[in-house]
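Take a look at the structure below.
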Amino acid sequence: MELIGVYFVACGLLVAAGAAKALRPADSARAMVLLAPDWVPLFGSLRYTREAVRIGALAEAALGAVALMFPRSLTAALVAASYAVFVVVVAYAHNRGGALATCGCFGRPDTPATRLHVAVNVVLFAAALLVAVRPPDATSFFVLLDHQPWLGLPLLFVSGVGVWVTYLALSPLAALEGARRLVQGRSTSAVTTS
């Protein structure tokens, strides 16, 4: 299965992002309130929204871990569904624009939604969907690694690097893009007011 490494990246990002949001739910809760203010009454207050984010984040991390350990049709379909939701949320946040265009993906307010973010989520959705349609013959992560060259160490290394590079593209690089947009917006407004 050629896409299993990309699928591992998708699962690893679910674990990393879910853990980050579970540890720091406040910024993601604020992003949720800013993106969907009509949903806040469903939770009653920002405090309950934080708790809802924490519960959802723990479920996200658990799904990533289970899907990584058992790459089967059902778990891959759930990963694909998660990324489909992320595509919609990130595209909405990006189209909304402005300084509030954050998705809160990694539990930080400085994670602005970019076109790259949308594209990465589309790729991860597609990889998970293809694994759901054509799951590997292996019944678990460890069995799958046994069938890889060098007991799967190259696959694990490349997947780990993939998680790290994707995180960098979605968080610090996105923060730089957000800062560039902010500076560009300020310089444009300064020129128009002069």
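The way I read the labels, and the way they are meant: chains A, B, ... in the order of the structure tokens, residue 1 as the first residue of every chain, and ligand 1 as the first ligand shown, with later ones counted on from there.
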Selection: 8 Å around region 6-19 of chain A, only C-alpha atoms, excl. self and same-chain fewer than 6 positions, as a CSV table (one decimal) with N, CA and C atoms, in the first residue's frame:
```
chain,number,residue,atom,x,y,z
A,56,GLY,N,-13.7,16.9,22.6
A,56,GLY,CA,-13.5,16.6,21.2
A,56,GLY,C,-12.1,16.3,20.8
A,57,ALA,N,-11.2,17.1,21.5
A,57,ALA,CA,-9.7,16.9,21.2
A,57,ALA,C,-9.2,15.6,21.7
A,58,LEU,N,-9.7,15.1,22.8
A,58,LEU,CA,-9.3,13.8,23.3
A,58,LEU,C,-9.9,12.7,22.4
A,59,ALA,N,-11.1,12.9,21.9
A,59,ALA,CA,-11.6,11.9,20.9
A,59,ALA,C,-10.8,11.9,19.6
A,60,GLU,N,-10.4,13.1,19.2
A,60,GLU,CA,-9.5,13.3,18.0
A,60,GLU,C,-8.2,12.5,18.2
A,61,ALA,N,-7.5,12.7,19.3
A,61,ALA,CA,-6.3,12.1,19.6
A,61,ALA,C,-6.5,10.5,19.7
A,62,ALA,N,-7.5,10.1,20.3
A,62,ALA,CA,-7.8,8.7,20.5
A,62,ALA,C,-8.1,8.1,19.1
A,63,LEU,N,-8.8,8.8,18.3
A,63,LEU,CA,-9.1,8.2,16.9
A,63,LEU,C,-7.8,8.1,16.1
A,64,GLY,N,-6.9,9.1,16.2
A,64,GLY,CA,-5.6,9.0,15.5
A,64,GLY,C,-4.8,7.9,16.0
A,65,ALA,N,-4.8,7.6,17.3
A,65,ALA,CA,-4.0,6.5,17.9
A,65,ALA,C,-4.6,5.2,17.5
A,67,ALA,N,-6.6,4.5,14.9
A,67,ALA,CA,-6.5,4.4,13.4
A,67,ALA,C,-5.1,4.0,13.0
A,68,LEU,N,-4.1,4.6,13.8
A,68,LEU,CA,-2.7,4.3,13.5
A,68,LEU,C,-2.4,2.8,13.8
A,79,VAL,N,-11.0,8.6,10.0
A,79,VAL,CA,-10.0,9.6,9.8
A,79,VAL,C,-10.3,10.5,8.6
A,105,CYS,N,-6.3,24.8,15.3
A,105,CYS,CA,-5.9,23.3,15.0
A,105,CYS,C,-5.0,22.8,16.1
A,106,PHE,N,-4.0,23.5,16.5
A,106,PHE,CA,-3.0,23.0,17.4
A,106,PHE,C,-3.1,23.7,18.8
A,107,GLY,N,-4.3,24.2,19.1
A,107,GLY,CA,-4.6,24.8,20.4
A,107,GLY,C,-3.9,26.1,20.6
A,124,LEU,N,-4.6,14.7,3.0
A,124,LEU,CA,-4.8,13.8,4.1
A,124,LEU,C,-6.1,13.1,4.0
A,127,ALA,N,-5.9,10.5,1.2
A,127,ALA,CA,-5.1,9.3,1.6
A,127,ALA,C,-5.9,8.4,2.5
A,128,ALA,N,-6.6,9.0,3.5
A,128,ALA,CA,-7.4,8.2,4.5
A,128,ALA,C,-8.5,7.5,3.7
A,131,VAL,N,-7.2,4.5,1.9
A,131,VAL,CA,-6.9,3.4,2.8
A,131,VAL,C,-8.2,2.8,3.2
A,159,SER,N,7.4,8.8,7.9
A,159,SER,CA,6.1,9.3,8.4
A,159,SER,C,6.3,10.3,9.5
A,160,GLY,N,7.3,10.0,10.4
A,160,GLY,CA,7.6,11.0,11.5
A,160,GLY,C,8.0,12.3,10.9
A,162,GLY,N,7.3,13.4,8.0
A,162,GLY,CA,6.1,14.0,7.4
A,162,GLY,C,5.2,14.7,8.4
A,163,VAL,N,5.0,14.1,9.6
A,163,VAL,CA,4.2,14.8,10.6
A,163,VAL,C,4.8,16.1,11.0
A,167,TYR,N,3.3,19.7,10.4
A,167,TYR,CA,3.0,20.6,11.5
A,167,TYR,C,3.7,22.0,11.3
```
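You will find CA of Ala93 (chain A) at 23.6 Å from CA of Leu129 (chain A).
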